[in-house]
Structure formats: structure tokens, C-alpha cells
>>> print(open('entry-v9.cif').read())   # mmCIF, C-alpha atoms
data_my_file
loop_
_atom_site.label_atom_id
_atom_site.label_comp_id
_atom_site.auth_asym_id
_atom_site.auth_seq_id
_atom_site.Cartn_x
_atom_site.Cartn_y
_atom_site.Cartn_z
CA MET N 1 -12.06 8.01 -15.83
CA LYS N 2 -9.64 6.10 -13.62
CA SER N 3 -6.99 8.81 -13.75
CA GLN N 4 -9.63 11.40 -12.82
CA LEU N 5 -10.65 9.36 -9.82
CA MET N 6 -7.09 9.06 -8.65
CA ALA N 7 -6.63 12.82 -8.99
CA GLN N 8 -9.19 13.67 -6.32
CA SER N 9 -7.95 15.98 -3.58
CA PRO N 10 -5.36 14.13 -1.51
CA LEU N 11 -6.06 12.59 1.87
CA PHE N 12 -2.48 12.32 3.01
CA ASN N 13 0.30 14.74 3.85
CA TRP N 14 3.00 12.70 2.13
CA GLN N 15 5.78 14.85 3.59
CA THR N 16 5.06 13.27 6.98
CA LEU N 17 5.48 9.70 5.70
CA ARG N 18 8.03 7.82 7.81
CA GLU N 19 9.00 4.20 8.27
CA LEU N 20 8.13 2.39 11.50
CA THR N 21 8.92 -1.31 11.26
CA PRO N 22 9.35 -4.26 8.91
CA TRP N 23 6.10 -6.17 8.35
CA THR N 24 4.79 -9.21 6.53
CA LEU N 25 1.27 -9.71 5.24
CA LEU N 26 0.26 -13.29 5.98
CA TYR N 27 -1.25 -14.36 2.72
CA GLU N 28 -0.71 -17.97 1.73
CA GLN N 29 2.29 -16.56 -0.11
CA PRO N 30 3.47 -13.87 2.33
CA ILE N 31 4.17 -10.33 1.14
CA HIS N 32 7.11 -8.66 2.84
CA GLY N 33 7.41 -4.94 3.38
CA LYS N 34 7.14 -2.36 6.11
CA ILE N 35 4.71 -0.29 8.10
CA LEU N 36 4.86 3.46 7.68
CA GLU N 37 3.08 6.27 9.45
CA VAL N 38 1.51 9.22 7.66
CA GLU N 39 -0.63 12.18 8.69
CA LEU N 40 -3.98 12.74 7.12
CA ILE N 41 -4.62 16.22 5.76
CA GLY N 42 -7.32 16.33 8.44
CA GLY N 43 -4.77 15.84 11.22
CA PRO N 44 -4.61 12.32 12.68
CA LYS N 45 -1.88 9.84 11.85
CA ILE N 46 -2.58 6.43 10.45
CA GLU N 47 -0.42 3.45 9.58
CA VAL N 48 -0.03 2.05 6.10
CA PHE N 49 1.71 -0.90 4.48
CA ARG N 50 4.31 -0.66 1.72
CA ALA N 51 5.54 -3.83 0.02
CA GLU N 52 9.20 -4.37 -0.72
CA ASP N 53 8.52 -3.97 -4.43
CA GLY N 54 6.80 -0.61 -3.92
CA VAL N 55 4.15 -1.71 -6.41
CA PHE N 56 1.80 -4.00 -4.49
CA TYR N 57 -1.25 -2.47 -2.82
CA PHE N 58 -4.55 -3.83 -1.59
CA CYS N 59 -8.07 -2.46 -1.75
CA HIS N 60 -7.66 0.48 0.64
CA GLY N 61 -4.58 1.59 -1.28
CA LEU N 62 -6.75 1.96 -4.35
CA THR N 63 -9.78 3.44 -2.62
CA PHE N 64 -7.93 6.12 -0.68
CA GLY N 65 -5.23 6.93 -3.23
CA GLY N 66 -2.26 5.34 -1.48
CA LYS N 67 -1.20 3.59 -4.68
CA ALA N 68 0.07 6.96 -5.92
CA ALA N 69 2.21 7.68 -2.87
CA PRO N 70 5.68 9.09 -3.55
CA GLY N 71 8.31 6.39 -3.17
CA GLY N 72 5.92 3.52 -3.80
CA ALA N 73 2.36 2.43 -3.25
CA VAL N 74 0.99 2.26 0.28
CA SER N 75 -2.25 0.82 1.64
CA PRO N 76 -4.05 1.83 4.84
CA PHE N 77 -4.87 -1.16 7.01
CA SER N 78 -8.39 -2.47 7.49
CA GLY N 79 -9.91 -1.67 10.87
CA ASN N 80 -8.79 1.36 12.87
CA ASP N 81 -6.87 3.07 10.09
CA VAL N 82 -9.73 2.92 7.60
CA ARG N 83 -12.19 4.00 10.28
CA THR N 84 -9.97 7.01 11.08
CA ILE N 85 -9.91 8.04 7.43
CA LEU N 86 -13.67 7.73 7.15
CA ARG N 87 -14.26 9.68 10.35
CA CYS N 88 -11.95 12.53 9.37
CA SER N 89 -12.45 12.88 5.68
CA TYR N 90 -15.69 11.23 4.56
CA ALA N 91 -19.43 11.45 5.12
CA ALA N 92 -21.95 8.67 4.65
CA VAL N 93 -24.10 8.80 1.53
CA VAL N 94 -27.72 8.03 2.38
CA PRO N 95 -29.63 6.62 0.64
CA ASP N 96 -27.38 4.60 -1.63
CA ALA N 97 -29.35 5.93 -4.58
CA ALA N 98 -27.83 9.37 -3.94
CA ALA N 99 -24.37 8.04 -4.75
CA ARG N 100 -22.35 9.47 -7.58
CA GLU N 101 -19.18 8.65 -9.44
CA GLY N 102 -16.14 8.79 -7.18
CA ASP N 103 -17.97 7.85 -4.01
CA ILE N 104 -16.58 4.81 -2.24
CA LEU N 105 -18.04 1.59 -0.91
CA VAL N 106 -16.80 0.17 2.40
CA TRP N 107 -17.79 -3.32 3.54
CA SER N 108 -18.37 -4.43 7.14
CA GLY N 109 -16.95 -7.49 8.85
CA LEU N 110 -16.45 -8.92 12.32
CA ASP N 111 -15.65 -6.46 15.13
CA ASN N 112 -16.44 -3.38 13.09
CA ASP N 113 -13.71 -4.29 10.66
CA ALA N 114 -13.68 -2.90 7.11
CA PRO N 115 -12.47 -5.91 5.15
CA HIS N 116 -12.97 -4.36 1.73
CA SER N 117 -13.44 -1.05 -0.03
CA ALA N 118 -13.79 0.05 -3.64
CA ILE N 119 -14.58 3.07 -5.82
CA LEU N 120 -17.91 3.65 -7.50
CA THR N 121 -17.23 4.49 -11.15
CA GLY N 122 -20.66 4.08 -12.71
CA PRO N 123 -23.64 4.33 -10.40
CA THR N 124 -27.00 3.22 -11.73
CA VAL N 125 -30.29 3.07 -9.86
CA GLU N 126 -33.47 1.44 -11.04
CA GLN N 127 -36.56 3.60 -11.01
CA GLY N 128 -38.27 3.52 -7.64
CA LYS N 129 -35.34 1.89 -5.85
CA SER N 130 -33.28 3.43 -3.04
CA TYR N 131 -30.15 1.39 -3.63
CA LEU N 132 -27.56 0.93 -6.35
CA SER N 133 -28.46 -1.50 -9.07
CA TYR N 134 -26.50 -4.63 -9.82
CA SER N 135 -25.23 -3.06 -13.03
CA SER N 136 -23.36 -0.26 -11.23
CA LYS N 137 -19.66 -0.20 -12.11
CA ILE N 138 -17.01 -0.52 -9.41
CA LEU N 139 -13.24 -0.11 -9.55
CA THR N 140 -11.85 -2.63 -7.11
CA LYS N 141 -8.62 -4.25 -5.99
CA ASN N 142 -9.58 -7.45 -4.23
CA GLY N 143 -6.80 -8.29 -1.81
CA ARG N 144 -3.80 -9.41 -3.84
CA LEU N 145 -5.87 -10.03 -6.97
CA PRO N 146 -5.51 -7.58 -9.88
CA GLU N 147 -7.25 -4.18 -9.94
CA GLU N 148 -10.30 -4.42 -12.13
CA GLU N 149 -13.51 -2.60 -13.00
CA MET N 150 -16.53 -4.83 -12.61
CA THR N 151 -20.24 -4.71 -11.92
CA LEU N 152 -21.59 -4.60 -8.39
CA GLU N 153 -23.33 -7.88 -9.18
CA ARG N 154 -20.05 -9.58 -9.80
CA LEU N 155 -18.35 -8.03 -6.78
CA ILE N 156 -20.99 -9.11 -4.26
CA GLY N 157 -21.85 -12.32 -6.07
CA ASP N 158 -20.27 -15.74 -6.04
CA GLU N 159 -16.63 -14.86 -6.66
CA PHE N 160 -15.46 -12.75 -3.76
CA SER N 161 -17.62 -13.49 -0.69
CA TYR N 162 -17.92 -9.82 0.31
CA GLY N 163 -21.72 -9.87 0.41
CA ASP N 164 -23.88 -6.78 0.40
CA SER N 165 -22.85 -5.32 3.78
CA PHE N 166 -21.37 -2.18 2.24
CA ARG N 167 -22.00 1.47 2.99
CA LEU N 168 -21.34 4.41 0.71
CA PHE N 169 -19.18 7.40 1.60
CA ARG N 170 -18.23 10.67 -0.07
CA LYS N 171 -15.08 12.67 0.51
CA ASN N 172 -15.64 15.91 2.40
CA MET K 1 -19.53 -10.51 5.01
CA ASN K 2 -21.83 -12.77 6.99
CA GLU K 3 -20.01 -14.32 9.92
CA ALA K 4 -21.39 -15.52 13.25
CA LEU K 5 -20.57 -17.28 16.49
CA THR K 6 -22.97 -19.84 17.94
CA ALA K 7 -22.73 -21.59 21.28
CA THR K 8 -23.88 -25.19 21.50
CA SER K 9 -23.61 -27.91 24.08
CA ILE K 10 -20.32 -29.70 24.53
CA LYS K 11 -20.26 -32.96 22.64
CA SER K 12 -17.99 -35.88 23.06
CA ARG K 13 -16.58 -36.81 19.67
CA SER K 14 -13.23 -37.66 18.23
CA GLN K 15 -9.94 -36.39 19.56
CA GLN K 16 -9.86 -33.76 16.85
CA LYS K 17 -10.16 -30.35 18.46
CA LEU K 18 -11.59 -28.46 15.55
CA THR K 19 -14.11 -29.70 13.02
CA CYS K 20 -14.68 -28.02 9.68
CA ARG K 21 -17.88 -28.48 7.69
CA LEU K 22 -18.97 -27.10 4.35
CA ARG K 23 -22.54 -27.17 3.10
CA ALA K 24 -24.52 -25.59 0.31
CA ILE K 25 -27.09 -23.01 1.36
CA GLN K 26 -29.65 -20.75 -0.21
CA ALA K 27 -28.33 -17.27 0.43
CA THR K 28 -29.91 -13.96 -0.40
CA SER K 29 -28.73 -10.39 -0.53
CA ARG K 30 -30.70 -7.18 -0.73
CA TYR K 31 -30.81 -7.94 -4.45
CA GLY K 32 -32.32 -11.39 -4.13
CA PRO K 33 -30.91 -14.92 -4.29
CA LEU K 34 -27.15 -15.36 -4.55
CA PRO K 35 -26.05 -18.35 -6.63
CA ASN K 36 -23.50 -20.98 -5.64
CA MET K 37 -23.27 -20.09 -1.97
CA GLY K 38 -22.24 -22.22 0.96
CA GLU K 39 -21.65 -22.05 4.67
CA ILE K 40 -18.41 -22.93 6.37
CA GLU K 41 -18.65 -24.05 9.98
CA LEU K 42 -15.84 -24.43 12.47
CA GLU K 43 -16.75 -26.21 15.68
CA ASN K 44 -14.62 -26.58 18.78
CA CYS K 45 -15.08 -30.25 19.61
CA SER K 46 -12.58 -30.21 22.44
CA THR K 47 -13.04 -29.41 26.10
CA SER K 48 -10.69 -26.46 25.99
CA VAL K 49 -10.76 -23.04 24.38
CA ILE K 50 -9.38 -22.69 20.85
CA GLU K 51 -7.94 -19.34 19.86
CA ILE K 52 -7.33 -18.52 16.22
CA GLU K 53 -5.29 -15.39 15.66
CA TYR K 54 -5.95 -13.70 12.35
CA THR K 55 -4.95 -10.51 10.55
CA MET K 56 -7.66 -10.37 7.87
CA THR K 57 -10.66 -12.51 8.76
CA PRO K 58 -10.98 -15.98 10.27
CA LEU K 59 -11.62 -17.08 6.69
CA GLN K 60 -8.05 -16.25 5.69
CA PHE K 61 -7.06 -19.80 6.72
CA LEU K 62 -9.74 -21.39 4.59
CA ASP K 63 -9.10 -22.76 1.14
CA LEU K 64 -11.52 -24.30 -1.32
CA ALA K 65 -10.15 -26.81 -3.81
CA VAL K 66 -12.68 -27.47 -6.56
CA VAL K 67 -12.71 -30.39 -8.97
CA GLY K 68 -14.79 -29.77 -12.08
CA PRO K 69 -17.07 -32.07 -14.08
CA HIS K 70 -14.17 -33.37 -16.17
CA GLY K 71 -12.24 -34.51 -13.12
CA GLY K 72 -9.57 -31.84 -13.09
CA LEU K 73 -8.82 -29.15 -10.56
CA VAL K 74 -10.54 -25.94 -11.69
CA SER K 75 -9.74 -23.77 -8.67
CA GLU K 76 -6.73 -21.45 -8.66
CA GLY K 77 -4.93 -19.37 -6.06
CA HIS K 78 -5.97 -19.31 -2.43
CA PHE K 79 -9.20 -18.22 -0.79
CA SER K 80 -7.36 -15.61 1.31
CA ASP K 81 -6.13 -13.78 -1.79
CA ARG K 82 -9.26 -11.61 -1.85
CA PHE K 83 -8.93 -10.16 1.67
CA SER K 84 -7.16 -7.09 3.01
CA PRO K 85 -5.15 -7.13 6.23
CA THR K 86 -5.58 -5.30 9.51
CA ARG K 87 -2.69 -3.71 11.41
CA ASP K 88 -3.30 -5.56 14.65
CA PRO K 89 -4.21 -9.21 14.88
CA ALA K 90 -7.59 -10.25 16.24
CA ILE K 91 -8.52 -13.51 17.88
CA LEU K 92 -11.42 -15.80 17.16
CA ARG K 93 -12.05 -17.46 20.50
CA LEU K 94 -14.11 -20.64 20.37
CA LEU K 95 -15.31 -22.02 23.65
CA PRO K 96 -15.87 -25.78 23.95
CA GLY K 97 -18.83 -26.65 21.76
CA GLU K 98 -18.95 -23.23 20.16
CA LYS K 99 -19.25 -22.77 16.41
CA PHE K 100 -18.13 -20.11 13.97
CA THR K 101 -20.06 -19.93 10.73
CA ALA K 102 -19.62 -17.79 7.65
CA THR K 103 -21.22 -17.58 4.26
CA VAL K 104 -18.78 -18.30 1.45
CA SER K 105 -18.95 -18.56 -2.31
CA LEU K 106 -18.50 -22.19 -3.25
CA LEU K 107 -16.86 -21.17 -6.52
CA ALA K 108 -14.81 -18.36 -5.01
CA THR K 109 -11.51 -19.89 -6.08
CA VAL K 110 -12.74 -20.86 -9.54
CA PRO K 111 -11.90 -18.18 -12.12
CA ARG K 112 -14.69 -17.34 -14.52
CA LYS K 113 -12.71 -18.84 -17.39
CA ASN K 114 -12.79 -22.23 -15.63
CA ARG K 115 -16.51 -22.28 -14.92
CA VAL K 116 -18.67 -24.80 -16.74
CA PRO K 117 -21.99 -26.42 -15.84
CA GLY K 118 -21.89 -29.83 -14.21
CA THR K 119 -21.02 -31.64 -11.04
CA HIS K 120 -18.29 -30.08 -8.93
CA THR K 121 -16.63 -31.44 -5.82
CA ILE K 122 -15.46 -28.88 -3.29
CA GLN K 123 -12.90 -29.69 -0.64
CA ALA K 124 -12.61 -27.16 2.18
CA THR K 125 -9.42 -27.08 4.18
CA TYR K 126 -8.82 -24.90 7.22
CA ARG K 127 -5.20 -24.48 8.21
CA PHE K 128 -3.91 -22.29 11.03
CA GLN K 129 -0.81 -22.44 13.17
CA ASN K 130 0.08 -26.13 13.09
CA THR K 131 -3.45 -27.39 12.67
CA ARG K 132 -4.95 -28.57 9.39
CA VAL K 133 -8.61 -29.57 9.32
CA VAL K 134 -10.30 -31.00 6.25
CA ALA K 135 -14.06 -30.98 5.70
CA GLU K 136 -16.02 -33.74 4.05
CA PRO K 137 -16.05 -33.06 0.30
CA LEU K 138 -19.19 -31.32 -0.91
CA THR K 139 -20.64 -32.31 -4.30
CA VAL K 140 -22.76 -29.69 -5.99
CA GLU K 141 -24.41 -29.49 -9.39
CA PHE K 142 -23.94 -26.16 -11.06
CA THR K 143 -26.49 -25.79 -13.81
CA SER K 144 -25.23 -22.75 -15.62
CA GLU K 145 -22.14 -20.67 -16.03
CA SER K 146 -22.02 -17.80 -13.58
#
>>> encode(input="entry-v9.cif", output="C-alpha cells")
Amino acid sequence: MKSQLMAQSPLFNWQTLRELTPWTLLYEQPIHGKILEVELIGGPKIEVFRAEDGVFYFCHGLTFGGKAAPGGAVSPFSGNDVRTILRCSYAAVVPDAAAREGDILVWSGLDNDAPHSAILTGPTVEQGKSYLSYSSKILTKNGRLPEEEMTLERLIGDEFSYGDSFRLFRKN
Amino acid sequence: MNEALTATSIKSRSQQKLTCRLRAIQATSRYGPLPNMGEIELENCSTSVIEIEYTMTPLQFLDLAVVGPHGGLVSEGHFSDRFSPTRDPAILRLLPGEKFTATVSLLATVPRKNRVPGTHTIQATYRFQNTRVVAEPLTVEFTSES
């Protein structure tokens, strides 16, 4: 299942990947690395983060396939870069109940930010409802925490503070 | 994520510029009640503007240390561990008397393996630049494992 999800048609033209500048993610324990630029298959360029170890990635690296980048995992940044990907390569799924495996969830934050994203691996909908049920399965990488499959209930519940402000998208 | 700015009148208090408060709240989602939720509040108690530059969310500077019913620390890691960064920093600008509030999970930093029913004490700390603000400890009774 997970390998199938990662094998979806690529978003990035990896041949255009080039380094821009050293960068540090300001977690309590900082993560050092660099910012790179890469073109989307759809045309625009976005910026991504690659850690020094080439292994670390955060949620958008999982959701958009950057963890499989040649030369080491990369993660698109929250905010403009994620919005560019969504605008160029995704369409909203409405209502939520129409979602299917492989669709993605993107959360909203202050200033139109996208503080979290994840992959829908097991959608379930209760009869008569227009939204995903709590038991739906999600593949998620929460910040610097380990990648894990969990229920939607757990993801929006009392462990991660993301809330239910997510929207669903499907790759074009 | 539920975050908000609220303007209030300027109040004369201590010399501390920023005040941090943590309280338990009844929160709901589209699915119904959410257990173990709280609200963090940052208030600018000074007469000047406070600017907090952040690269994830204003909550990236928050940490919740939780002491469990047996008296030991049951929280692990840091509250910011769950967030993803932006490319460009943003600024939370608090005018004098203005408040920033956000809904948080009171047990966010407590791994599931450490969760047991009973009385928990939660200490919120907000640290940015060279400022460290500590909220009054919040004592909450958790009745079941979650």
C-alpha cells in the first residue's frame, strides 16, 4: 500500500533540482541542511528543504513524494510552496465523502498557511454522512516525529493539535 | 488549527511584557467533543508592540511539561516537534493589550504509552528570542486513557 502511494506519477522534474543556500529548521533541536529549488512537472519552481543527513523529511515531503528524491529526501515548505503545488497539480475533492485512497489532506493555519498535510490510505464514510469518518486511515509524518499510519480520530484528536480544518485534494 | 487574535483594553500590570495563560476548555470538532483540550493565551501586557517572528506557527515556541498522577514527568519531546516549517518567517504582532489564543491538546507532549487516568499538572512555557514566559500550572483530572 505505502509503496503504491509513493509510486504515483511524479510532481517534480528532479533534473532541475539545484542548491540555493544553507538553511536551518528552528525546532527546539535545530535541523541543519539547505534549501533547493526544483521545477514542478506543471512548470513553476518551488523551494524545498533537504537535511544534512539526506534522510529527514517533514509532512509535505511525505505527502508530495519528496522523500524519494534522488540524492536525499526533500520537503516542500508550508505556505507558498505547498499552495503552488496544490494550484498546479491538484484539485479539491468535494464533498469529503468522495475521497478515495491516495487523496491528500491539507490543514489550514494562520495567514493561509498549510501547517500539515497527510495521505489518505483508508477512507471510510458512515452512511448518510458527507465527511470522512473518524476510522479513516491516514499516512502521516508529523513534523519531526516518525512517519506513521493512524486513524483520522487520532490525528485530529488530543495528540497533535491539528484540529479538523483540513481539505481534501486529488492529483490531476 | 484554531488560532485567533483579540484586542482588549490596555491594562496596567506587572513589568512583564508578555503573559502566558493555559486553561482547560470544552472543544468540539465536526465530529463532536474533543477530549483533553486547552487554550493557550498570550497577552501583551506592555505599552509597546511585541513582535514574535516564527517559521512554523506562533505555537512553535510553546512547550507543555506534564507531571502525571504518580509525580513524575510523563511528557516527552517538545511541542514544536509536530509542526512543519515555512520558507519565509512570519510575524505575530501583538499590540498593547492584544491577545493571541490557540486551541492546544493538553496531553500533546504525552506519548500514548505514558497516559494513565488521574490528576495531571501541566506547565506551559513560551520561549522566544530571549524571553521566557511561564504560565500558572494547570491541574486537570483525566478520567480515562485516551
>>> closest_atom_pairs(input="entry-v9.cif", of="stretch 49-87 of chain N", to="stretch 153-171 of chain N", cutoff="10 Å", atoms="all atoms listed in the file", output="Markdown table")
| residue | atom | partner | partner_atom | distance |
| --- | --- | --- | --- | --- |
| N:Phe64 | CA | N:Lys171 | CA | 9.8 |
| N:Ile85 | CA | N:Lys171 | CA | 9.8 |
| N:Leu86 | CA | N:Phe169 | CA | 7.8 |
>>> resolve_selection(input="entry-v9.cif", expression="the PyMOL selection byres ((chain N) within 8 of (chain K))", output="ChimeraX atom specification")
/N:25-28,47,58-60,77-79,107-110,115-116,134,142-145,157-165
>>> closest_residue(input="entry-v9.cif", among="K:Glu51, K:Glu136, K:Glu39, K:Glu76", to="K:Lys17", atoms="all atoms listed in the file")
K:Glu51
>>> atom_distance(input="entry-v9.cif", atom1="atom CA of N:Ser75", atom2="atom CA of N:Thr121")
20.0 Å
>>> residues_near_point(input="entry-v9.cif", point="(-0.1, 15.9, 11.7)", cutoff="12 Å", atoms="all atoms listed in the file", output="short mmCIF file (atom, residue, chain, number, x, y, z; two decimals) with C-alpha atoms, in the frame of the given file")
data_model
loop_
_atom_site.label_atom_id
_atom_site.label_comp_id
_atom_site.auth_asym_id
_atom_site.auth_seq_id
_atom_site.Cartn_x
_atom_site.Cartn_y
_atom_site.Cartn_z
CA LEU N 11 -6.06 12.59 1.87
CA PHE N 12 -2.48 12.32 3.01
CA ASN N 13 0.30 14.74 3.85
CA TRP N 14 3.00 12.70 2.13
CA GLN N 15 5.78 14.85 3.59
CA THR N 16 5.06 13.27 6.98
CA LEU N 17 5.48 9.70 5.70
CA GLU N 37 3.08 6.27 9.45
CA VAL N 38 1.51 9.22 7.66
CA GLU N 39 -0.63 12.18 8.69
CA LEU N 40 -3.98 12.74 7.12
CA ILE N 41 -4.62 16.22 5.76
CA GLY N 42 -7.32 16.33 8.44
CA GLY N 43 -4.77 15.84 11.22
CA PRO N 44 -4.61 12.32 12.68
CA LYS N 45 -1.88 9.84 11.85
CA ILE N 46 -2.58 6.43 10.45
#
>>> closest_residue(input="entry-v9.cif", among="N:Ala51, N:Ala98, N:Val74, N:Leu36", to="N:Tyr131", atoms="only C-alpha atoms")
N:Ala98
>>> residues_near_point(input="entry-v9.cif", point="(-18.8, -2.8, -10.7)", cutoff="6 Å", atoms="all atoms listed in the file", output="JSON, numbers by chain")
{"N": [136, 137, 138, 149, 150, 151, 152]}
>>> resolve_selection(input="entry-v9.cif", expression="the PyMOL selection byres ((chain K and resi 134) around 9)", output="ChimeraX atom specification")
/K:19-21,123-127,132-133,135-137
>>> atom_distance(input="entry-v9.cif", atom1="atom CA of N:Ala97", atom2="atom CA of N:Gly65")
24.2 Å
>>> resolve_selection(input="entry-v9.cif", expression="the PyMOL selection byres ((chain K and resi 139) around 8)", output="VMD selection string")
chain K and resid 119 to 122 137 to 138 140 to 141
>>> atom_distance(input="entry-v9.cif", atom1="atom CA of K:Glu41", atom2="atom CA of K:Pro89")
21.3 Å
>>> residues_around(input="entry-v9.cif", residues="K:Gly68", least_positions_apart="3", cutoff="9 Å", atoms="all atoms listed in the file", output="compact mmCIF listing (two decimals) with C-alpha atoms, in the frame of the given file")
# COMPACT_ATOMS: atom_id res chain seq x y z
CA GLY K 71 -12.24 -34.51 -13.12
CA GLY K 72 -9.57 -31.84 -13.09
CA LEU K 73 -8.82 -29.15 -10.56
CA VAL K 74 -10.54 -25.94 -11.69
CA SER K 75 -9.74 -23.77 -8.67
CA ASN K 114 -12.79 -22.23 -15.63
CA ARG K 115 -16.51 -22.28 -14.92
CA VAL K 116 -18.67 -24.80 -16.74
CA PRO K 117 -21.99 -26.42 -15.84
CA GLY K 118 -21.89 -29.83 -14.21
CA THR K 119 -21.02 -31.64 -11.04
CA HIS K 120 -18.29 -30.08 -8.93
CA THR K 121 -16.63 -31.44 -5.82
CA ILE K 122 -15.46 -28.88 -3.29
>>> axis_aligned_box(input="entry-v9.cif", around="stretch 53-57 of chain N", padding_each_side="4 Å", output="AutoDock Vina command-line options")
--center_x 3.6 --center_y -2.3 --center_z -4.6 --size_x 17.8 --size_y 11.4 --size_z 11.6
>>> residues_around(input="entry-v9.cif", residues="N:Arg50", least_positions_apart="6", cutoff="9 Å", atoms="only C-alpha atoms", output="PDB file with C-alpha atoms, in the coordinates of the input")
ATOM      1  CA  TRP N  23       6.100  -6.170   8.350  1.00  0.00           C
ATOM      2  CA  HIS N  32       7.110  -8.660   2.840  1.00  0.00           C
ATOM      3  CA  GLY N  33       7.410  -4.940   3.380  1.00  0.00           C
ATOM      4  CA  LYS N  34       7.140  -2.360   6.110  1.00  0.00           C
ATOM      5  CA  ILE N  35       4.710  -0.290   8.100  1.00  0.00           C
ATOM      6  CA  LEU N  36       4.860   3.460   7.680  1.00  0.00           C
ATOM      7  CA  PHE N  56       1.800  -4.000  -4.490  1.00  0.00           C
ATOM      8  CA  TYR N  57      -1.250  -2.470  -2.820  1.00  0.00           C
ATOM      9  CA  GLY N  72       5.920   3.520  -3.800  1.00  0.00           C
ATOM     10  CA  ALA N  73       2.360   2.430  -3.250  1.00  0.00           C
ATOM     11  CA  VAL N  74       0.990   2.260   0.280  1.00  0.00           C
ATOM     12  CA  SER N  75      -2.250   0.820   1.640  1.00  0.00           C
TER      13      SER N  75
END
